[in-house]
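Enquirer: If it helps, the file is called upload.pdb and holds PDB, C-alpha atoms, pLDDT in the B column:
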ATOM      1  CA  GLU P   1       7.588 -60.892  -9.218  1.00 72.00           C
ATOM      2  CA  TYR P   2       6.123 -63.215 -11.855  1.00 80.00           C
ATOM      3  CA  ALA P   3       8.016 -66.202 -10.431  1.00 83.00           C
ATOM      4  CA  HIS P   4       6.677 -65.511  -6.949  1.00 80.00           C
ATOM      5  CA  ARG P   5       3.155 -64.723  -8.052  1.00 83.00           C
ATOM      6  CA  PHE P   6       2.713 -67.756 -10.307  1.00 89.00           C
ATOM      7  CA  ALA P   7       5.006 -70.314  -8.638  1.00 89.00           C
ATOM      8  CA  ASN P   8       2.041 -72.583  -7.858  1.00 93.00           C
ATOM      9  CA  ASP P   9       1.307 -72.905 -11.586  1.00 95.00           C
ATOM     10  CA  TYR P  10       4.608 -74.718 -12.076  1.00 95.00           C
ATOM     11  CA  ALA P  11       6.155 -77.954 -10.859  1.00 94.00           C
ATOM     12  CA  GLY P  12       9.058 -75.837  -9.679  1.00 93.00           C
ATOM     13  CA  VAL P  13      11.083 -72.723 -10.396  1.00 94.00           C
ATOM     14  CA  TRP P  14      14.768 -72.792 -11.347  1.00 95.00           C
ATOM     15  CA  TRP P  15      16.638 -69.476 -11.317  1.00 94.00           C
ATOM     16  CA  ALA P  16      19.719 -69.605 -13.548  1.00 96.00           C
ATOM     17  CA  PRO P  17      22.295 -66.833 -13.917  1.00 95.00           C
ATOM     18  CA  ALA P  18      22.817 -66.257 -17.630  1.00 95.00           C
ATOM     19  CA  GLU P  19      25.274 -63.370 -17.969  1.00 93.00           C
ATOM     20  CA  GLN P  20      27.582 -65.863 -19.659  1.00 94.00           C
ATOM     21  CA  ARG P  21      26.866 -69.175 -21.317  1.00 95.00           C
ATOM     22  CA  THR P  22      29.194 -71.016 -18.911  1.00 96.00           C
ATOM     23  CA  LEU P  23      27.153 -69.790 -15.931  1.00 96.00           C
ATOM     24  CA  LEU P  24      23.880 -70.842 -17.546  1.00 97.00           C
ATOM     25  CA  VAL P  25      25.255 -74.259 -18.520  1.00 97.00           C
ATOM     26  CA  ALA P  26      26.614 -74.826 -14.991  1.00 97.00           C
ATOM     27  CA  SER P  27      23.257 -73.931 -13.462  1.00 97.00           C
ATOM     28  CA  LEU P  28      21.330 -76.158 -15.864  1.00 97.00           C
ATOM     29  CA  ALA P  29      23.802 -78.994 -15.217  1.00 97.00           C
ATOM     30  CA  ALA P  30      23.041 -78.590 -11.501  1.00 96.00           C
ATOM     31  CA  LEU P  31      19.327 -78.752 -12.334  1.00 96.00           C
ATOM     32  CA  GLY P  32      19.988 -81.920 -14.329  1.00 95.00           C
ATOM     33  CA  GLY P  33      21.699 -83.415 -11.286  1.00 96.00           C
ATOM     34  CA  ARG P  34      18.665 -82.600  -9.148  1.00 95.00           C
ATOM     35  CA  LEU P  35      16.294 -84.155 -11.689  1.00 93.00           C
ATOM     36  CA  ASP P  36      18.411 -87.261 -12.180  1.00 94.00           C
ATOM     37  CA  PRO P  37      21.209 -87.994  -9.682  1.00 95.00           C
ATOM     38  CA  ARG P  38      23.141 -89.845 -12.396  1.00 95.00           C
ATOM     39  CA  LEU P  39      23.579 -86.536 -14.216  1.00 95.00           C
ATOM     40  CA  ALA P  40      25.405 -85.098 -11.199  1.00 93.00           C
ATOM     41  CA  ASN P  41      28.348 -87.346 -12.069  1.00 92.00           C
ATOM     42  CA  VAL P  42      28.562 -86.354 -15.745  1.00 93.00           C
ATOM     43  CA  SER P  43      31.841 -84.494 -16.230  1.00 94.00           C
ATOM     44  CA  ASP P  44      30.728 -82.531 -19.303  1.00 96.00           C
ATOM     45  CA  GLN P  45      28.394 -79.837 -17.967  1.00 96.00           C
ATOM     46  CA  GLU P  46      26.896 -79.068 -21.383  1.00 96.00           C
ATOM     47  CA  THR P  47      25.884 -82.725 -21.755  1.00 96.00           C
ATOM     48  CA  ALA P  48      24.395 -82.772 -18.242  1.00 96.00           C
ATOM     49  CA  ALA P  49      22.543 -79.489 -18.882  1.00 96.00           C
ATOM     50  CA  LYS P  50      20.983 -80.708 -22.126  1.00 96.00           C
ATOM     51  CA  ALA P  51      20.094 -84.078 -20.601  1.00 95.00           C
ATOM     52  CA  GLY P  52      18.429 -82.301 -17.680  1.00 95.00           C
ATOM     53  CA  LEU P  53      16.411 -80.127 -20.063  1.00 95.00           C
ATOM     54  CA  ALA P  54      15.396 -83.231 -22.013  1.00 95.00           C
ATOM     55  CA  ARG P  55      14.109 -84.790 -18.758  1.00 93.00           C
ATOM     56  CA  LEU P  56      11.708 -81.872 -18.373  1.00 93.00           C
ATOM     57  CA  ALA P  57       9.915 -82.787 -21.615  1.00 89.00           C
ATOM     58  CA  GLY P  58       7.971 -85.604 -19.954  1.00 85.00           C
ATOM     59  CA  ALA P  59       6.683 -83.521 -17.047  1.00 86.00           C
ATOM     60  CA  ALA P  60       2.913 -83.203 -16.684  1.00 90.00           C
ATOM     61  CA  THR P  61       3.279 -79.732 -15.171  1.00 94.00           C
ATOM     62  CA  PRO P  62       5.911 -77.409 -16.634  1.00 96.00           C
ATOM     63  CA  VAL P  63       8.856 -76.002 -14.703  1.00 96.00           C
ATOM     64  CA  LEU P  64       9.548 -72.277 -14.815  1.00 95.00           C
ATOM     65  CA  LEU P  65      13.130 -71.599 -15.860  1.00 96.00           C
ATOM     66  CA  VAL P  66      14.282 -68.052 -15.160  1.00 95.00           C
ATOM     67  CA  TYR P  67      17.315 -67.191 -17.284  1.00 95.00           C
ATOM     68  CA  ASP P  68      18.555 -64.092 -15.527  1.00 93.00           C
ATOM     69  CA  ASN P  69      20.466 -61.326 -17.315  1.00 92.00           C
ATOM     70  CA  VAL P  70      20.909 -62.946 -20.726  1.00 94.00           C
ATOM     71  CA  GLU P  71      23.569 -60.958 -22.587  1.00 92.00           C
ATOM     72  CA  THR P  72      22.802 -62.141 -26.140  1.00 91.00           C
ATOM     73  CA  PRO P  73      20.701 -64.799 -27.873  1.00 91.00           C
ATOM     74  CA  ASP P  74      23.888 -66.881 -28.348  1.00 91.00           C
ATOM     75  CA  VAL P  75      23.996 -67.499 -24.586  1.00 94.00           C
ATOM     76  CA  VAL P  76      20.739 -69.483 -24.683  1.00 94.00           C
ATOM     77  CA  ARG P  77      21.313 -71.091 -28.078  1.00 91.00           C
ATOM     78  CA  ASP P  78      20.234 -74.760 -27.874  1.00 93.00           C
ATOM     79  CA  LEU P  79      19.322 -74.401 -24.184  1.00 96.00           C
ATOM     80  CA  LEU P  80      15.623 -73.737 -24.777  1.00 93.00           C
ATOM     81  CA  PRO P  81      13.573 -76.885 -24.134  1.00 92.00           C
ATOM     82  CA  ALA P  82      10.703 -77.461 -26.553  1.00 87.00           C
ATOM     83  CA  ARG P  83       8.410 -78.967 -23.875  1.00 91.00           C
ATOM     84  CA  GLY P  84       8.115 -79.317 -20.134  1.00 93.00           C
ATOM     85  CA  ALA P  85       9.236 -75.800 -19.254  1.00 95.00           C
ATOM     86  CA  ARG P  86       8.358 -72.169 -19.653  1.00 94.00           C
ATOM     87  CA  ILE P  87      11.242 -69.723 -19.834  1.00 93.00           C
ATOM     88  CA  LEU P  88      11.346 -66.222 -18.470  1.00 92.00           C
ATOM     89  CA  MET P  89      14.446 -64.300 -19.549  1.00 92.00           C
ATOM     90  CA  THR P  90      15.654 -61.031 -18.135  1.00 88.00           C
ATOM     91  CA  THR P  91      17.840 -59.169 -20.596  1.00 88.00           C
ATOM     92  CA  GLN P  92      18.825 -55.795 -21.907  1.00 83.00           C
ATOM     93  CA  TRP P  93      19.369 -57.216 -25.399  1.00 84.00           C
ATOM     94  CA  SER P  94      16.885 -55.467 -27.650  1.00 80.00           C
ATOM     95  CA  ASP P  95      16.758 -57.506 -30.857  1.00 82.00           C
ATOM     96  CA  TRP P  96      15.358 -61.011 -30.398  1.00 79.00           C
ATOM     97  CA  ALA P  97      14.100 -61.028 -33.996  1.00 76.00           C
ATOM     98  CA  GLY P  98      10.811 -62.707 -33.120  1.00 75.00           C
ATOM     99  CA  ARG P  99      12.453 -65.487 -31.075  1.00 75.00           C
ATOM    100  CA  ALA P 100      10.921 -64.250 -27.826  1.00 80.00           C
ATOM    101  CA  ALA P 101       7.878 -62.296 -26.708  1.00 77.00           C
ATOM    102  CA  GLU P 102       9.158 -59.016 -25.366  1.00 76.00           C
ATOM    103  CA  VAL P 103       7.777 -57.306 -22.291  1.00 76.00           C
ATOM    104  CA  LYS P 104       9.346 -53.922 -21.742  1.00 74.00           C
ATOM    105  CA  LEU P 105       9.684 -52.805 -18.153  1.00 71.00           C
ATOM    106  CA  ASP P 106      10.058 -49.207 -17.147  1.00 79.00           C
ATOM    107  CA  SER P 107      12.326 -48.082 -14.385  1.00 87.00           C
ATOM    108  CA  LEU P 108      10.687 -46.766 -11.245  1.00 91.00           C
ATOM    109  CA  ARG P 109      10.387 -43.091 -10.428  1.00 93.00           C
ATOM    110  CA  GLU P 110      13.261 -42.016  -8.195  1.00 96.00           C
ATOM    111  CA  ASP P 111      11.026 -41.265  -5.209  1.00 96.00           C
ATOM    112  CA  VAL P 112       9.290 -44.641  -5.518  1.00 94.00           C
ATOM    113  CA  ALA P 113      12.624 -46.442  -5.897  1.00 95.00           C
ATOM    114  CA  ALA P 114      14.033 -44.749  -2.785  1.00 96.00           C
ATOM    115  CA  GLN P 115      10.892 -45.578  -0.826  1.00 96.00           C
ATOM    116  CA  PHE P 116      11.086 -49.203  -1.998  1.00 94.00           C
ATOM    117  CA  LEU P 117      14.687 -49.515  -0.753  1.00 95.00           C
ATOM    118  CA  GLN P 118      13.723 -48.155   2.652  1.00 95.00           C
ATOM    119  CA  LEU P 119      10.733 -50.476   2.960  1.00 94.00           C
ATOM    120  CA  ARG P 120      12.722 -53.497   1.745  1.00 92.00           C
ATOM    121  CA  THR P 121      15.456 -52.896   4.305  1.00 95.00           C
ATOM    122  CA  GLU P 122      13.224 -51.617   7.117  1.00 93.00           C
ATOM    123  CA  ARG P 123      15.385 -48.532   7.561  1.00 94.00           C
ATOM    124  CA  SER P 124      14.991 -44.806   7.131  1.00 95.00           C
ATOM    125  CA  ASP P 125      17.624 -43.010   5.075  1.00 96.00           C
ATOM    126  CA  PRO P 126      15.818 -41.054   2.355  1.00 97.00           C
ATOM    127  CA  ALA P 127      18.930 -39.324   0.991  1.00 97.00           C
ATOM    128  CA  GLY P 128      21.065 -42.482   0.935  1.00 96.00           C
ATOM    129  CA  ALA P 129      18.247 -44.518  -0.587  1.00 96.00           C
ATOM    130  CA  LEU P 130      17.780 -41.902  -3.312  1.00 97.00           C
ATOM    131  CA  ARG P 131      21.509 -41.899  -4.169  1.00 96.00           C
ATOM    132  CA  LEU P 132      21.548 -45.692  -4.356  1.00 97.00           C
ATOM    133  CA  ALA P 133      18.370 -45.795  -6.437  1.00 96.00           C
ATOM    134  CA  GLN P 134      19.879 -43.299  -8.886  1.00 96.00           C
ATOM    135  CA  ALA P 135      23.111 -45.309  -9.103  1.00 95.00           C
ATOM    136  CA  LEU P 136      21.060 -48.424  -9.932  1.00 94.00           C
ATOM    137  CA  GLY P 137      19.086 -46.615 -12.619  1.00 93.00           C
ATOM    138  CA  CYS P 138      15.906 -47.192 -10.597  1.00 94.00           C
ATOM    139  CA  LEU P 139      15.703 -50.680 -12.123  1.00 90.00           C
ATOM    140  CA  PRO P 140      13.319 -52.875 -10.093  1.00 88.00           C
ATOM    141  CA  LEU P 141      15.427 -56.050 -10.058  1.00 83.00           C
ATOM    142  CA  ALA P 142      18.603 -54.153  -9.173  1.00 90.00           C
ATOM    143  CA  LEU P 143      16.741 -52.406  -6.359  1.00 93.00           C
ATOM    144  CA  GLU P 144      15.429 -55.743  -5.071  1.00 91.00           C
ATOM    145  CA  HIS P 145      18.900 -57.269  -5.050  1.00 91.00           C
ATOM    146  CA  ALA P 146      20.425 -54.229  -3.339  1.00 94.00           C
ATOM    147  CA  GLY P 147      17.608 -54.076  -0.802  1.00 93.00           C
ATOM    148  CA  ALA P 148      17.889 -57.772   0.015  1.00 93.00           C
ATOM    149  CA  TYR P 149      21.660 -57.543   0.428  1.00 93.00           C
ATOM    150  CA  CYS P 150      21.479 -54.422   2.601  1.00 94.00           C
ATOM    151  CA  ARG P 151      18.802 -56.014   4.760  1.00 93.00           C
ATOM    152  CA  LEU P 152      20.882 -59.170   5.271  1.00 93.00           C
ATOM    153  CA  ALA P 153      24.010 -57.139   5.994  1.00 92.00           C
ATOM    154  CA  GLY P 154      22.189 -55.174   8.644  1.00 90.00           C
ATOM    155  CA  ARG P 155      22.882 -51.643   9.781  1.00 86.00           C
ATOM    156  CA  SER P 156      26.630 -52.097   9.282  1.00 89.00           C
ATOM    157  CA  LEU P 157      26.133 -51.564   5.519  1.00 93.00           C
ATOM    158  CA  SER P 158      24.550 -48.236   4.623  1.00 94.00           C
ATOM    159  CA  PHE P 159      22.986 -47.437   1.272  1.00 96.00           C
ATOM    160  CA  ASP P 160      26.001 -45.238   0.519  1.00 95.00           C
ATOM    161  CA  ASP P 161      28.389 -48.085   1.408  1.00 94.00           C
ATOM    162  CA  TYR P 162      26.552 -50.380  -1.002  1.00 95.00           C
ATOM    163  CA  ARG P 163      26.567 -47.691  -3.696  1.00 94.00           C
ATOM    164  CA  LYS P 164      30.340 -47.332  -3.361  1.00 93.00           C
ATOM    165  CA  ARG P 165      30.751 -51.093  -3.847  1.00 90.00           C
ATOM    166  CA  ILE P 166      28.675 -51.306  -7.045  1.00 87.00           C
ATOM    167  CA  ASP P 167      31.551 -50.871  -9.456  1.00 75.00           C
ATOM    168  CA  ALA P 168      33.824 -53.129  -7.431  1.00 79.00           C
TER     169      ALA P 168
END
Go ahead and express the file in the form of structure tokens.

Expert:
Amino acid sequence: EYAHRFANDYAGVWWAPAEQRTLLVASLAALGGRLDPRLANVSDQETAAKAGLARLAGAATPVLLVYDNVETPDVVRDLLPARGARILMTTQWSDWAGRAAEVKLDSLREDVAAQFLQLRTERSDPAGALRLAQALGCLPLALEHAGAYCRLAGRSLSFDDYRKRIDA
């Protein structure tokens, strides 16, 4: 929501999966290649990622980097630019030891989460939406992802079908 609401305050927004360091490095290497086409040909992704982050330092307007689902602080170690970017991290890691400003988010109430899923997908299935919301822990980002996927899949994928696929 923050990225959408404040996108105009930034030169751009780069969403990077960060469940594992290799995923984050690959995404930042791709960003480096977009910032400087010469970096697209660098075989070492870590080098390309760090060079891309260094290129951000000279920007007049910062870029918003969203590091999504950071498992531990080690994942982002030395991938935090000092200038030219603001970083928003989503994580369940609880001890950042003062290295990040923490904003705790509550899960949604079950009825609100089920209603959100139905609105997001433009379908009516209160019972199925409630079961899916419960399976996702009523977490807003998980609900958004599930709702977007179900909407794109169309009526052929019910909430219960999606719920059954979660663990797979």

Enquirer: In Å to one decimal, how far is CA of Trp96 (chain P) from CA of Pro73 (chain P)?

Expert: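 Distance reported for this atom pair: 7.0 Å.
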
Enquirer: Mind dumping a table of every region 83-123 of chain P residue within 7 Å of region 49-61 of chain P, with the nearest atom pair and its distance in Å to one decimal, using only C-alpha atoms, sorted by chain and rising number, as CSV?

Expert:
residue,atom,partner,partner_atom,distance
P:Arg83,CA,P:Ala57,CA,4.7
P:Gly84,CA,P:Ala57,CA,4.2
P:Ala85,CA,P:Leu56,CA,6.6

Enquirer: Write a file of the just-selected residues containing C-alpha atoms, as an mmCIF file, keeping the file's coordinate frame.

Expert:
data_model
loop_
_atom_site.group_PDB
_atom_site.id
_atom_site.type_symbol
_atom_site.label_atom_id
_atom_site.label_comp_id
_atom_site.auth_asym_id
_atom_site.auth_seq_id
_atom_site.Cartn_x
_atom_site.Cartn_y
_atom_site.Cartn_z
ATOM 1 C CA ARG P 83 8.410 -78.967 -23.875
ATOM 2 C CA GLY P 84 8.115 -79.317 -20.134
ATOM 3 C CA ALA P 85 9.236 -75.800 -19.254
#

Enquirer: Taking (11.3, -50.2, -21.3) in the file's own coordinates, collect the residues within 12 Å, counting all atoms listed in the file, and hand them back as number ranges by chain.

Expert: P: 91-94, 102-108, 139-140

Enquirer: Now that the selection is made, can you save its residues with C-alpha atoms as a tab-separated table (two decimals), in the coordinates of the input?

Expert:
chain	number	residue	atom	x	y	z
P	91	THR	CA	17.84	-59.17	-20.60
P	92	GLN	CA	18.82	-55.80	-21.91
P	93	TRP	CA	19.37	-57.22	-25.40
P	94	SER	CA	16.89	-55.47	-27.65
P	102	GLU	CA	9.16	-59.02	-25.37
P	103	VAL	CA	7.78	-57.31	-22.29
P	104	LYS	CA	9.35	-53.92	-21.74
P	105	LEU	CA	9.68	-52.80	-18.15
P	106	ASP	CA	10.06	-49.21	-17.15
P	107	SER	CA	12.33	-48.08	-14.38
P	108	LEU	CA	10.69	-46.77	-11.24
P	139	LEU	CA	15.70	-50.68	-12.12
P	140	PRO	CA	13.32	-52.88	-10.09

Enquirer: Is there a way to get, as a list of chain:residue names, all residues within 8 Å of the point (13.5, -61.7, -18.3) in file coordinates, counting all atoms listed in the file?

Expert: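 So the residues meeting the distance criterion are P:Val66, P:Tyr67, P:Asp68, P:Asn69, P:Val70, P:Leu88, P:Met89, P:Thr90, P:Thr91.
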
Enquirer: Go ahead and save the residues from that selection, with C-alpha atoms, as a short mmCIF file (atom, residue, chain, number, x, y, z; two decimals), keeping the file's coordinate frame.

Expert:
data_model
loop_
_atom_site.label_atom_id
_atom_site.label_comp_id
_atom_site.auth_asym_id
_atom_site.auth_seq_id
_atom_site.Cartn_x
_atom_site.Cartn_y
_atom_site.Cartn_z
CA VAL P 66 14.28 -68.05 -15.16
CA TYR P 67 17.32 -67.19 -17.28
CA ASP P 68 18.56 -64.09 -15.53
CA ASN P 69 20.47 -61.33 -17.32
CA VAL P 70 20.91 -62.95 -20.73
CA LEU P 88 11.35 -66.22 -18.47
CA MET P 89 14.45 -64.30 -19.55
CA THR P 90 15.65 -61.03 -18.14
CA THR P 91 17.84 -59.17 -20.60
#

Enquirer: Which value, in Å to one decimal, gives the distance between CA of Ala48 (chain P) and CA of Ala11 (chain P)?

Expert: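 Distance reported for this atom pair: 20.3 Å.
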
Enquirer: What is the CA of Asp160 (chain P)-CA of Thr121 (chain P) distance in Å, reported with one decimal?

Expert: 13.6 Å

Enquirer: Just the residues within 8 Å of region 144-150 of chain P, please, counting only C-alpha atoms, with nothing from its chain fewer than 2 positions along; format it as a list in words.

Expert: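 Close residues of region 144-150 of chain P: Leu117, Gln118, Arg120, Thr121, Pro140, Leu141, Ala142, Leu152, Ala153, Gly154, Arg155, Leu157, Ser158, Phe159 and Tyr162 of chain P.
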
Enquirer: Taking the file above as input, evaluate the PyMOL selection byres ((chain P and resi 23) around 12) and report the hits as a PDB file with C-alpha atoms, keeping the file's coordinate frame.

Expert:
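That gives us expr.pdb:
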ATOM      1  CA  TRP P  15      16.638 -69.476 -11.317  1.00 94.00           C
ATOM      2  CA  ALA P  16      19.719 -69.605 -13.548  1.00 96.00           C
ATOM      3  CA  PRO P  17      22.295 -66.833 -13.917  1.00 95.00           C
ATOM      4  CA  ALA P  18      22.817 -66.257 -17.630  1.00 95.00           C
ATOM      5  CA  GLU P  19      25.274 -63.370 -17.969  1.00 93.00           C
ATOM      6  CA  GLN P  20      27.582 -65.863 -19.659  1.00 94.00           C
ATOM      7  CA  ARG P  21      26.866 -69.175 -21.317  1.00 95.00           C
ATOM      8  CA  THR P  22      29.194 -71.016 -18.911  1.00 96.00           C
ATOM      9  CA  LEU P  24      23.880 -70.842 -17.546  1.00 97.00           C
ATOM     10  CA  VAL P  25      25.255 -74.259 -18.520  1.00 97.00           C
ATOM     11  CA  ALA P  26      26.614 -74.826 -14.991  1.00 97.00           C
ATOM     12  CA  SER P  27      23.257 -73.931 -13.462  1.00 97.00           C
ATOM     13  CA  LEU P  28      21.330 -76.158 -15.864  1.00 97.00           C
ATOM     14  CA  ALA P  29      23.802 -78.994 -15.217  1.00 97.00           C
ATOM     15  CA  ALA P  30      23.041 -78.590 -11.501  1.00 96.00           C
ATOM     16  CA  GLN P  45      28.394 -79.837 -17.967  1.00 96.00           C
ATOM     17  CA  GLU P  46      26.896 -79.068 -21.383  1.00 96.00           C
ATOM     18  CA  ALA P  49      22.543 -79.489 -18.882  1.00 96.00           C
ATOM     19  CA  TYR P  67      17.315 -67.191 -17.284  1.00 95.00           C
ATOM     20  CA  ASP P  68      18.555 -64.092 -15.527  1.00 93.00           C
ATOM     21  CA  ASN P  69      20.466 -61.326 -17.315  1.00 92.00           C
ATOM     22  CA  VAL P  70      20.909 -62.946 -20.726  1.00 94.00           C
ATOM     23  CA  GLU P  71      23.569 -60.958 -22.587  1.00 92.00           C
ATOM     24  CA  VAL P  75      23.996 -67.499 -24.586  1.00 94.00           C
ATOM     25  CA  VAL P  76      20.739 -69.483 -24.683  1.00 94.00           C
TER      26      VAL P  76
END

Enquirer: Given the PyMOL selection byres ((chain P and resi 114) around 7) and the file above, list the residues it selects as a list in words.

Expert: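 When the PyMOL selection byres ((chain P and resi 114) around 7) is applied, the selected residues are Glu110, Asp111, Val112, Ala113, Gln115, Phe116, Leu117, Gln118, Pro126, Ala129, Leu130 and Ala133 of chain P.
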
Enquirer: From the set P:Ala40, P:Leu64, P:Leu119, P:Ala135, which residue has the shortest atom-to-atom contact distance to Ala7 (chain P), counting all atoms listed in the file?

Expert: P:Leu64

Enquirer: Of the candidates P:Pro81, P:Pro37, P:Gly128, P:Gly32, which one gets nearest to Lys164 (chain P) if we count all atoms listed in the file?

Expert: P:Gly128

Enquirer: Adding 3 Å on each side of the box along x, y and z that holds all listed atoms of region 147-162 of chain P, could you give its centre and edge lengths in Å to one decimal, as AutoDock Vina command-line options?

Expert:
--center_x 23.0 --center_y -52.2 --center_z 4.4 --size_x 16.8 --size_y 19.9 --size_z 16.8

Enquirer: Here is a test: counting only C-alpha atoms, which residue of P:Arg109, P:Leu35, P:Ser156, P:Asn41 is nearest to Leu143 (chain P)?

Expert: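 Nearest candidate to Leu143 (chain P) out of P:Arg109, P:Leu35, P:Ser156, P:Asn41: P:Arg109.
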
Enquirer: Would you mind listing what lies within 12 Å of Phe6 (chain P) as a PyMOL selection string, with all atoms listed in the file counted and same-chain residues fewer than 2 positions away left out?

Expert: chain P and resi 1-4+8-13+62-64+86+88
